[in-house]
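query-v3.txt follows; it contains compact mmCIF, C-alpha atoms.
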```
# COMPACT_ATOMS: atom_id res chain seq x y z
CA MET F 574 0.00 0.00 0.00
CA THR F 575 1.27 3.43 -0.82
CA GLY F 576 0.40 6.72 0.81
CA ARG F 577 -1.96 7.52 -2.02
CA ALA F 578 -4.24 4.67 -1.06
CA PHE F 579 -5.15 6.61 2.11
CA PRO F 580 -5.90 10.26 1.59
CA ILE F 581 -4.14 12.44 4.14
CA GLY F 582 -6.60 13.78 6.70
CA GLU F 583 -6.39 16.63 9.15
CA ASP F 584 -5.95 14.16 12.03
CA GLU F 585 -2.88 12.81 10.39
CA LEU F 586 -1.50 16.27 9.79
CA GLN F 587 -1.91 17.01 13.48
CA ALA F 588 -0.18 13.76 14.38
CA PHE F 589 2.58 14.83 12.01
CA VAL F 590 2.88 18.18 13.81
CA ASP F 591 3.12 16.25 17.08
CA GLU F 592 5.73 13.90 15.63
CA ARG F 593 3.56 10.89 16.39
CA LEU F 594 3.48 9.17 13.02
CA ASP F 595 5.49 6.06 12.34
CA GLY F 596 7.89 5.89 9.42
CA GLU F 597 5.49 4.85 6.68
CA ARG F 598 2.71 7.30 7.43
CA ARG F 599 5.17 10.07 8.09
CA ALA F 600 6.72 9.48 4.68
CA ALA F 601 3.26 9.59 3.12
CA VAL F 602 2.50 12.92 4.80
CA GLU F 603 5.85 14.31 3.78
CA ALA F 604 5.25 13.28 0.18
CA HIS F 605 1.81 14.87 0.28
CA LEU F 606 3.23 18.11 1.68
CA ALA F 607 5.96 18.16 -0.95
CA SER F 608 3.32 18.47 -3.63
CA HIS F 609 1.17 20.97 -1.70
CA PRO F 610 3.43 23.90 -0.87
CA GLU F 611 0.73 26.01 0.73
CA LEU F 612 -0.26 23.26 3.11
CA ALA F 613 3.41 22.49 3.71
CA GLU F 614 3.96 26.08 4.79
CA ARG F 615 1.04 25.95 7.19
CA ILE F 616 2.21 22.69 8.74
CA ALA F 617 5.78 23.93 9.02
CA LEU F 618 4.50 26.97 10.89
CA GLU F 619 2.43 24.84 13.26
CA ARG F 620 5.43 22.66 13.96
CA ARG F 621 7.52 25.71 14.61
CA GLN F 622 4.97 27.19 16.97
CA ARG F 623 4.77 23.93 18.84
CA ALA F 624 8.57 24.02 19.23
CA ILE F 625 8.50 27.66 20.38
CA LEU F 626 5.82 26.88 22.93
CA ARG F 627 7.85 23.98 24.26
CA SER F 628 11.05 25.97 24.55
CA ARG F 629 9.21 28.92 26.10
CA LEU F 630 8.08 26.64 28.92
CA GLU F 631 11.26 24.65 29.31
CA ALA F 632 12.69 26.89 32.01
CA LYS F 633 9.53 26.51 34.07
CA PHE F 634 9.87 22.75 33.91
CA ALA F 635 13.50 22.92 34.99
CA GLU F 636 12.84 25.04 38.08
CA PRO F 637 13.48 23.35 41.39
CA ILE F 638 10.27 22.33 43.19
CA PRO F 639 9.33 24.96 45.78
CA ALA F 640 9.33 23.71 49.37
CA ARG F 641 5.61 24.36 49.78
CA LEU F 642 4.81 21.86 47.01
CA ARG F 643 6.88 19.05 48.47
CA ILE F 644 4.65 16.09 49.29
CA ALA F 645 6.13 15.71 52.77
CA HIS F 646 5.28 19.34 53.45
CA LEU F 647 1.73 19.01 52.14
CA ARG F 648 1.20 15.88 54.22
CA THR F 649 2.32 17.56 57.41
CA ALA F 650 0.02 20.47 56.65
CA ARG F 651 -2.89 18.10 56.06
CA ARG F 652 -2.27 16.20 59.28
CA THR F 653 -2.13 19.37 61.30
CA SER F 654 -5.25 20.67 59.64
CA TRP F 655 -7.59 17.90 60.70
CA MET F 656 -5.91 16.19 63.60
CA ASN F 657 -5.17 19.37 65.44
CA ALA F 658 -8.44 21.14 64.92
CA TRP F 659 -9.33 21.10 68.61
CA PRO F 660 -6.02 22.30 69.93
CA ARG F 661 -6.19 25.06 67.35
CA ILE F 662 -9.60 26.15 68.49
CA ALA F 663 -8.36 26.11 72.07
CA ALA F 664 -5.35 28.12 70.96
CA ALA F 665 -7.62 30.60 69.22
CA ILE F 666 -9.60 31.07 72.40
CA ALA F 667 -6.40 31.45 74.38
CA LEU F 668 -5.12 33.97 71.86
CA PHE F 669 -8.33 35.90 72.07
CA ALA F 670 -8.09 35.95 75.85
CA ALA F 671 -4.46 36.99 75.58
CA GLY F 672 -5.49 39.73 73.19
CA VAL F 673 -8.08 41.02 75.62
CA MET F 674 -5.50 41.00 78.40
CA ALA F 675 -2.92 42.54 76.16
CA GLY F 676 -5.34 45.36 75.59
CA TRP F 677 -4.99 46.23 79.28
CA PHE F 678 -1.25 46.11 79.11
CA ALA F 679 -0.98 47.56 75.62
CA ASN F 680 2.15 49.50 76.39
CA ARG F 681 4.04 46.38 77.20
CA VAL F 682 3.08 44.34 74.16
CA VAL F 683 6.00 43.55 71.92
CA PRO F 684 5.41 41.96 68.51
CA VAL F 685 6.94 38.52 68.30
CA ALA F 686 9.49 38.43 65.50
CA LEU F 687 9.99 35.02 63.96
CA PRO F 688 13.45 34.33 62.64
CA PRO F 689 13.31 34.76 58.86
CA ALA F 690 13.63 31.71 56.60
CA PRO F 691 17.21 31.20 55.37
CA THR F 692 16.34 32.24 51.82
CA VAL F 693 14.78 35.45 53.12
CA SER F 694 17.86 36.39 55.08
CA VAL F 695 20.10 35.55 52.11
CA ALA F 696 17.91 37.70 49.85
CA GLN F 697 17.99 40.54 52.37
CA GLY F 698 21.76 40.34 52.69
CA ALA F 699 22.10 40.32 48.93
CA GLN F 700 19.83 43.33 48.51
CA ALA F 701 21.60 45.32 51.18
CA ALA F 702 24.94 44.59 49.49
CA TYR F 703 23.46 45.40 46.10
CA ARG F 704 22.12 48.75 47.28
CA THR F 705 25.43 49.63 48.87
CA PHE F 706 27.80 48.81 46.05
CA VAL F 707 25.82 49.03 42.86
CA VAL F 708 25.73 52.82 43.06
CA GLU F 709 29.44 52.95 43.81
CA VAL F 710 31.29 54.71 41.02
CA ALA F 711 34.87 54.86 42.24
CA HIS F 712 35.20 51.42 43.82
CA PRO F 713 32.31 49.16 42.80
CA VAL F 714 34.50 46.10 43.34
CA GLU F 715 37.36 45.32 45.65
CA VAL F 716 39.24 43.14 43.18
CA GLY F 717 38.68 43.72 39.48
CA VAL F 718 38.17 41.25 36.69
CA GLN F 719 41.80 41.74 35.58
CA GLN F 720 42.70 39.58 38.57
CA GLU F 721 39.82 37.16 38.18
CA ALA F 722 41.79 34.06 39.14
CA HIS F 723 43.10 35.69 42.28
CA LEU F 724 39.65 37.06 43.14
CA LEU F 725 37.96 33.68 42.88
CA GLN F 726 40.70 31.89 44.75
CA TRP F 727 40.55 34.42 47.55
CA LEU F 728 36.75 34.39 47.83
CA SER F 729 36.67 30.58 47.63
CA LYS F 730 39.10 30.35 50.50
CA ARG F 731 37.17 32.75 52.70
CA LEU F 732 33.79 31.17 51.91
CA GLY F 733 35.02 27.63 52.33
CA ARG F 734 33.50 26.72 48.99
CA LYS F 735 34.83 26.64 45.48
CA LEU F 736 33.50 29.73 43.80
CA ALA F 737 33.41 30.11 40.03
CA ALA F 738 32.12 33.18 38.22
CA PRO F 739 29.18 32.04 36.06
CA ASP F 740 29.36 33.17 32.46
CA LEU F 741 26.45 35.57 31.96
CA SER F 742 27.50 36.80 28.52
CA PRO F 743 24.44 35.15 26.90
CA PHE F 744 22.41 37.68 28.89
CA GLY F 745 24.70 40.58 28.00
CA TYR F 746 26.39 40.79 31.40
CA ARG F 747 30.14 40.64 31.90
CA LEU F 748 32.06 40.23 35.11
CA MET F 749 33.43 43.41 36.70
CA GLY F 750 34.95 41.83 39.80
CA GLY F 751 33.94 41.09 43.34
CA ARG F 752 34.33 41.73 47.02
CA LEU F 753 34.20 40.12 50.42
CA LEU F 754 31.48 41.13 52.86
CA PRO F 755 30.30 40.15 56.30
CA GLY F 756 27.34 37.81 55.89
CA GLY F 757 25.38 35.74 58.37
CA SER F 758 27.80 34.25 60.86
CA GLY F 759 30.72 34.30 58.44
CA ALA F 760 31.80 35.82 55.18
CA ALA F 761 29.82 36.54 52.04
CA ALA F 762 31.08 37.02 48.52
CA GLN F 763 29.62 39.42 46.00
CA LEU F 764 30.37 39.17 42.30
CA MET F 765 29.36 42.15 40.22
CA TYR F 766 28.50 42.19 36.54
CA ASP F 767 27.43 44.93 34.20
CA ASP F 768 25.94 45.11 30.74
CA ALA F 769 26.61 47.42 27.80
CA SER F 770 24.24 50.04 29.17
CA GLY F 771 25.95 50.02 32.57
CA ARG F 772 23.18 48.10 34.31
CA ARG F 773 24.62 46.12 37.18
CA LEU F 774 23.84 42.67 38.47
CA THR F 775 25.25 40.92 41.52
CA ILE F 776 25.63 37.34 42.63
CA TYR F 777 25.80 36.93 46.38
CA VAL F 778 26.97 33.76 48.11
CA ARG F 779 27.32 32.86 51.75
CA ALA F 780 27.03 29.87 54.04
CA ALA F 781 23.42 29.23 55.07
CA GLU F 782 21.42 26.65 56.94
CA GLY F 783 19.53 24.06 55.01
CA THR F 784 19.47 22.04 51.86
CA GLU F 785 16.29 23.47 50.41
CA THR F 786 16.50 24.45 46.75
CA ALA F 787 13.38 26.52 46.14
CA PHE F 788 13.77 29.84 44.36
CA ARG F 789 12.44 32.78 46.32
CA PHE F 790 11.64 36.00 44.53
CA GLN F 791 11.87 39.30 46.35
CA ARG F 792 11.61 42.85 45.12
CA GLU F 793 12.73 45.95 46.94
CA GLY F 794 12.23 49.14 44.97
CA ASP F 795 13.85 48.58 41.59
CA ALA F 796 16.02 45.72 42.77
CA ALA F 797 14.74 42.23 42.13
CA THR F 798 16.31 39.18 43.75
CA PHE F 799 16.07 35.47 43.28
CA ALA F 800 17.54 33.59 46.24
CA TRP F 801 17.92 29.91 46.96
CA ILE F 802 19.74 27.52 49.25
CA ASP F 803 21.77 24.66 47.92
CA GLN F 804 23.92 22.29 49.94
CA GLY F 805 24.55 24.58 52.87
CA PHE F 806 25.09 27.76 50.88
CA GLY F 807 22.74 30.58 50.09
CA PHE F 808 22.82 32.18 46.65
CA ALA F 809 21.16 35.31 45.40
CA VAL F 810 21.04 37.05 42.06
CA THR F 811 20.04 40.70 42.20
CA ALA F 812 19.50 43.20 39.41
CA THR F 813 17.30 46.07 38.33
CA ALA F 814 15.14 43.89 36.16
CA THR F 815 11.71 42.37 35.87
CA ARG F 816 11.04 38.99 37.33
CA ASP F 817 10.80 37.47 33.87
CA GLU F 818 14.13 38.93 32.82
CA LEU F 819 15.88 37.83 35.98
CA LEU F 820 14.54 34.28 36.19
CA PRO F 821 16.52 32.80 33.26
CA ILE F 822 19.67 34.44 34.63
CA ALA F 823 19.03 33.01 38.10
CA GLU F 824 18.51 29.61 36.51
CA ALA F 825 21.77 29.88 34.61
CA VAL F 826 23.57 30.83 37.82
CA TYR F 827 21.86 27.99 39.67
CA ARG F 828 22.99 25.51 37.03
CA GLY F 829 26.45 27.04 37.10
CA PHE F 830 26.83 26.42 40.83
CA GLU F 831 24.92 23.18 41.12
CA GLY F 832 27.08 20.31 42.21
CA LYS F 833 30.25 22.41 42.28
CA SER F 834 30.62 22.53 46.02
CA MET O 982 0.37 6.06 51.19
CA ALA O 983 4.14 5.93 51.54
CA ASP O 984 4.49 5.62 47.79
CA ALA O 985 2.61 8.87 47.15
CA GLU O 986 5.74 10.93 47.61
CA LEU O 987 7.82 8.78 45.27
CA LEU O 988 5.15 8.71 42.61
CA LEU O 989 3.94 12.29 42.83
CA GLU O 990 7.09 14.34 43.14
CA PRO O 991 8.57 13.45 39.74
CA LEU O 992 5.35 14.73 38.17
CA ILE O 993 5.35 18.13 39.87
CA PRO O 994 7.51 19.94 37.27
CA ALA O 995 5.02 19.07 34.52
CA LEU O 996 2.09 20.19 36.68
CA ARG O 997 3.85 23.49 37.38
CA ARG O 998 4.56 24.02 33.70
CA TYR O 999 0.96 23.35 32.70
CA ALA O 1000 -0.35 25.58 35.49
CA TYR O 1001 2.01 28.41 34.59
CA ALA O 1002 1.05 28.28 30.93
CA LEU O 1003 -2.62 28.42 31.92
CA LEU O 1004 -2.27 31.30 34.35
CA ARG O 1005 0.94 33.11 33.34
CA ASP O 1006 1.54 33.97 36.98
CA HIS O 1007 4.11 32.06 38.98
CA ASP O 1008 2.45 32.29 42.37
CA ALA O 1009 -1.06 31.62 41.13
CA ALA O 1010 0.32 28.63 39.21
CA ASP O 1011 1.91 27.17 42.32
CA ASP O 1012 -1.34 27.73 44.21
CA LEU O 1013 -3.11 25.68 41.57
CA VAL O 1014 -0.50 22.92 41.73
CA GLN O 1015 -0.77 22.87 45.51
CA ASP O 1016 -4.55 22.48 45.31
CA THR O 1017 -4.06 19.70 42.78
CA LEU O 1018 -1.60 17.81 44.96
CA GLU O 1019 -3.73 18.24 48.06
CA ARG O 1020 -6.72 16.86 46.26
CA ALA O 1021 -4.68 13.98 44.89
CA LEU O 1022 -3.42 13.14 48.38
CA SER O 1023 -6.90 13.26 49.87
CA ARG O 1024 -8.15 10.88 47.18
CA TRP O 1025 -5.05 8.77 46.94
CA SER O 1026 -6.82 5.55 47.94
CA LEU O 1027 -9.59 6.20 45.41
CA ARG O 1028 -7.34 6.46 42.40
CA ARG O 1029 -7.42 3.62 39.91
CA SER O 1030 -4.21 1.71 40.31
CA ASP O 1031 -4.27 0.68 36.65
CA GLY O 1032 -4.84 4.25 35.46
CA ASP O 1033 -2.16 6.67 34.42
CA LEU O 1034 -1.20 8.79 37.42
CA ARG O 1035 0.00 11.70 35.32
CA ALA O 1036 -3.25 11.85 33.35
CA TRP O 1037 -5.19 11.68 36.62
CA LEU O 1038 -3.26 14.65 38.02
CA PHE O 1039 -3.71 16.66 34.83
CA THR O 1040 -7.44 15.92 35.03
CA ILE O 1041 -7.65 17.15 38.62
CA GLN O 1042 -5.62 20.25 37.83
CA ARG O 1043 -7.59 21.13 34.75
CA ASN O 1044 -10.91 20.66 36.55
CA LEU O 1045 -9.76 22.90 39.39
CA HIS O 1046 -8.65 25.50 36.87
CA VAL O 1047 -11.91 25.38 34.96
CA SER O 1048 -14.04 25.70 38.08
CA ALA O 1049 -11.88 28.60 39.28
CA LEU O 1050 -12.37 30.27 35.90
CA ARG O 1051 -16.10 29.91 36.25
CA GLN O 1052 -16.10 31.31 39.76
CA GLY O 1053 -13.75 34.20 39.23
CA ARG O 1054 -14.07 35.28 35.65
CA ARG O 1055 -13.73 38.96 36.32
CA ARG O 1056 -10.70 38.60 38.54
CA GLY O 1057 -8.95 36.36 36.03
CA ALA O 1058 -9.50 38.81 33.22
CA GLN O 1059 -8.05 41.61 35.28
CA VAL O 1060 -4.85 39.76 35.95
CA GLU O 1061 -4.44 39.06 32.26
CA LEU O 1062 -4.85 42.70 31.34
CA ASP O 1063 -2.32 43.78 33.94
CA GLU O 1064 0.19 41.36 32.56
CA ALA O 1065 -0.57 42.28 28.98
CA THR O 1066 0.29 45.91 29.65
CA THR O 1067 3.59 45.15 31.38
CA PRO O 1068 6.23 46.68 29.12
CA SER O 1069 8.78 44.03 30.03
CA SER O 1070 8.91 42.50 26.58
CA ALA O 1071 10.23 45.72 25.06
CA ALA O 1072 13.55 45.26 26.81
CA GLN O 1073 13.99 41.70 25.69
CA GLN O 1074 15.98 40.60 22.74
CA GLU O 1075 14.12 39.85 19.54
CA SER O 1076 13.86 36.12 19.99
CA GLY O 1077 12.47 36.83 23.45
CA ILE O 1078 9.61 38.85 22.04
CA GLU O 1079 8.48 36.06 19.82
CA VAL O 1080 8.43 33.43 22.55
CA GLN O 1081 6.83 35.88 24.97
CA ASP O 1082 4.05 36.43 22.52
CA ILE O 1083 3.23 32.79 22.14
CA LEU O 1084 1.89 32.54 25.70
CA ALA O 1085 -0.06 35.76 25.27
CA ALA O 1086 -1.44 34.43 22.00
CA LEU O 1087 -2.29 31.11 23.60
CA ASP O 1088 -4.21 33.01 26.20
CA GLN O 1089 -6.60 34.24 23.53
CA LEU O 1090 -7.81 30.72 22.83
CA PRO O 1091 -10.78 29.08 24.53
CA GLU O 1092 -9.65 27.12 27.58
CA GLU O 1093 -10.26 23.74 25.93
CA GLN O 1094 -8.07 24.49 22.91
CA LYS O 1095 -5.44 26.04 25.13
CA SER O 1096 -5.33 22.99 27.40
CA LEU O 1097 -5.12 20.66 24.44
CA LEU O 1098 -2.25 22.55 22.87
CA LEU O 1099 -0.42 22.37 26.18
CA LEU O 1100 -1.23 18.80 27.15
CA VAL O 1101 -0.63 17.32 23.72
CA GLY O 1102 1.95 19.71 22.31
CA VAL O 1103 4.04 20.32 25.41
CA GLU O 1104 3.32 17.55 27.92
CA ASP O 1105 3.22 14.82 25.26
CA VAL O 1106 -0.05 13.40 26.54
CA SER O 1107 -1.53 10.92 24.06
CA TYR O 1108 -4.66 11.87 22.12
CA ASP O 1109 -6.68 9.24 23.97
CA GLU O 1110 -5.48 10.42 27.37
CA ALA O 1111 -6.17 14.03 26.39
CA ALA O 1112 -9.70 12.99 25.45
CA LYS O 1113 -10.19 11.53 28.94
CA ILE O 1114 -8.71 14.57 30.65
CA ILE O 1115 -10.94 17.01 28.78
CA GLY O 1116 -13.92 14.64 28.78
CA VAL O 1117 -14.60 14.54 25.04
CA PRO O 1118 -14.20 11.83 22.36
CA THR O 1119 -10.79 11.48 20.70
CA GLY O 1120 -12.19 12.74 17.39
CA THR O 1121 -13.19 15.96 19.09
CA VAL O 1122 -9.70 16.28 20.55
CA MET O 1123 -8.26 16.13 17.04
CA SER O 1124 -10.58 18.76 15.60
CA ARG O 1125 -10.15 21.12 18.56
CA LEU O 1126 -6.41 20.69 18.44
CA SER O 1127 -6.46 21.55 14.77
CA ARG O 1128 -8.69 24.55 15.34
CA GLY O 1129 -6.56 25.75 18.25
CA ARG O 1130 -3.38 25.59 16.22
CA GLN O 1131 -5.03 27.33 13.32
CA ARG O 1132 -6.18 30.11 15.58
CA LEU O 1133 -2.80 30.45 17.23
CA ARG O 1134 -1.24 30.73 13.80
CA THR O 1135 -3.64 33.46 12.75
CA LEU O 1136 -3.08 35.37 15.97
CA LEU O 1137 0.68 35.29 15.61
CA GLU O 1138 0.61 35.98 11.88
CA THR O 1139 -1.45 39.10 12.21
CA GLY O 1140 0.63 40.10 15.22
CA ARG O 1141 -2.39 41.46 16.96
CA THR O 1142 -2.07 39.43 20.11
CA THR O 1143 -1.13 42.35 22.30
CA LEU O 1144 -3.88 44.53 20.91
CA LEU O 1145 -6.62 42.01 21.30
CA ARG O 1146 -8.48 42.18 24.53
CA ARG O 1147 -10.53 39.19 25.37
CA VAL O 1148 -14.15 40.12 25.85
CA LYS O 1149 -15.82 37.77 28.22
```

Show me the file's structure as structure tokens.
Amino acid sequence: MTGRAFPIGEDELQAFVDERLDGERRAAVEAHLASHPELAERIALERRQRAILRSRLEAKFAEPIPARLRIAHLRTARRTSWMNAWPRIAAAIALFAAGVMAGWFANRVVPVALPPAPTVSVAQGAQAAYRTFVVEVAHPVEVGVQQEAHLLQWLSKRLGRKLAAPDLSPFGYRLMGGRLLPGGSGAAAQLMYDDASGRRLTIYVRAAEGTETAFRFQREGDAATFAWIDQGFGFAVTATATRDELLPIAEAVYRGFEGKS
Amino acid sequence: MADAELLLEPLIPALRRYAYALLRDHDAADDLVQDTLERALSRWSLRRSDGDLRAWLFTIQRNLHVSALRQGRRRGAQVELDEATTPSSAAQQESGIEVQDILAALDQLPEEQKSLLLLVGVEDVSYDEAAKIIGVPTGTVMSRLSRGRQRLRTLLETGRTTLLRRVK
């Protein structure tokens, strides 16, 4: 049987777009398209749009799973929600009573500050460092890119982790240099990049608790930050950019550091 | 129930991708995925052990999305308009503009066509599975897929995606 024995239908064209035809039928469709240039153009466009759609969403697929979507986390939340209903109601009553009493002693009430999650404190550290040094004209970096090898060796030694400078040239950013900063209970490293228009971007690394790998997005004024924890270190990428612009850069940096501890 | 974690977690990236493409908002997408996973966990013992777990999860997620659309039409439309007017794409390189537009263009399609383009074209769900997820015969899947792609093509060809405002 040749392809001509079965006329090519729209279903088959769709299956061709989806690359789901086996060799014989695919060849038949290809032959049909070869003699129908207008249809061939349409199908080529549909294939191309399918490919664009896939690549547009690839980065989303590659993102690390946020902590709140981890099954273990969801399970714990579920258990607490129905097993602990009564204690929670009791707690609510107690809180209400405490609130009433607090009203009488209003002057002495101090808000309880929870310690921030590690990613939050990394993001905050990164943003503070960004704000401080990104506006610096005379000395934006402590050691310039001319001494890149020395810079990275020095920062690696002080951090206790091998530090490489990710290549951000695909995004138009080139390394300017870096500096050492106080961060958390030890040292933090800041690498600074800029693009052709002088826009600056920083990568901030310091030791941090935890092995969680979720990306956390934070914006403060113009400065946007993606921060994450990986194998005992906190990382943050900060720039004056939109979330959508910054995300692929953060992903590239994440991939650059992943597994290089 | 111990196997839920092992079986579910590898499927989360695909659920997040589908949710993000539907909503074009990272946080709202993760909310949808969380609802999906919570529902799956609460019905874990009811799932058909011979059925495809991934298709089951896509079904749950799509149903949640559709019922949320029905409940909050006005709110959903507002979010889309806000995002459509964000001038972020202007700063992106040329290839970026094209791929940015494809999600905006996809957003102009009816939900069913949009879901089919995503489930079949991106998630590689089979036509038969897609038919079960959407709840229509396979033949209908094929014709809606074709119509969806045709419409997407027209939208991108005329380049009017950013000018079009969906009227609900």

Between CA of Ala699 (chain F) and CA of His712 (chain F), what distance in Å does the model show, to one decimal? 17.9 Å

Counting all atoms listed in the file, what is within 6 Å of region 993-1000 of chain O, bar same-chain residues fewer than 5 positions away, as a short mmCIF file (atom, residue, chain, number, x, y, z; two decimals) with C-alpha atoms, keeping the file's coordinate frame?
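The new file selection_20.cif reads:
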```
data_model
loop_
_atom_site.label_atom_id
_atom_site.label_comp_id
_atom_site.auth_asym_id
_atom_site.auth_seq_id
_atom_site.Cartn_x
_atom_site.Cartn_y
_atom_site.Cartn_z
CA LYS F 633 9.53 26.51 34.07
CA PHE F 634 9.87 22.75 33.91
CA ALA O 1010 0.32 28.63 39.21
#
```

Could the residues of chain F that have an atom at most 7 Å from chain O be listed as a tab-separated table, each with its closest atom pair and the distance in Å to one decimal, counting only C-alpha atoms and ordered by chain and ascending residue number?
```
residue	atom	partner	partner_atom	distance
F:Asp584	CA	O:Met1123	CA	5.9
F:Gln587	CA	O:Ser1127	CA	6.6
F:Asp591	CA	O:Gly1102	CA	6.4
F:Glu619	CA	O:Arg1130	CA	6.6
F:Arg623	CA	O:Gly1102	CA	6.1
F:Ile625	CA	O:Val1080	CA	6.2
F:Leu626	CA	O:Ile1083	CA	6.5
F:Arg627	CA	O:Val1103	CA	5.4
F:Arg629	CA	O:Val1080	CA	5.8
F:Leu630	CA	O:Arg998	CA	6.5
F:Lys633	CA	O:Arg998	CA	5.6
F:Phe634	CA	O:Pro994	CA	5.0
F:Ile638	CA	O:Pro994	CA	7.0
F:Leu642	CA	O:Gln1015	CA	5.9
F:Ile644	CA	O:Glu986	CA	5.5
F:Leu647	CA	O:Glu1019	CA	6.9
F:Thr815	CA	O:Ser1069	CA	6.7
```

Polymer residues at most 8 Å from Glu1092 (chain O), all atoms listed in the file, same-chain spacing of 3 or more positions, as a ChimeraX atom specification: /O:1047,1095-1096

Which value, in Å to one decimal, gives the distance between CA of Ile1041 (chain O) and CA of Lys1113 (chain O)?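 Result for CA of Ile1041 (chain O) versus CA of Lys1113 (chain O): 11.5 Å, one decimal.
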
Could you tell me how far CA of Leu736 (chain F) sits from CA of Arg792 (chain F), in Å to one decimal place?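 CA of Leu736 (chain F) lies 25.6 Å from CA of Arg792 (chain F).
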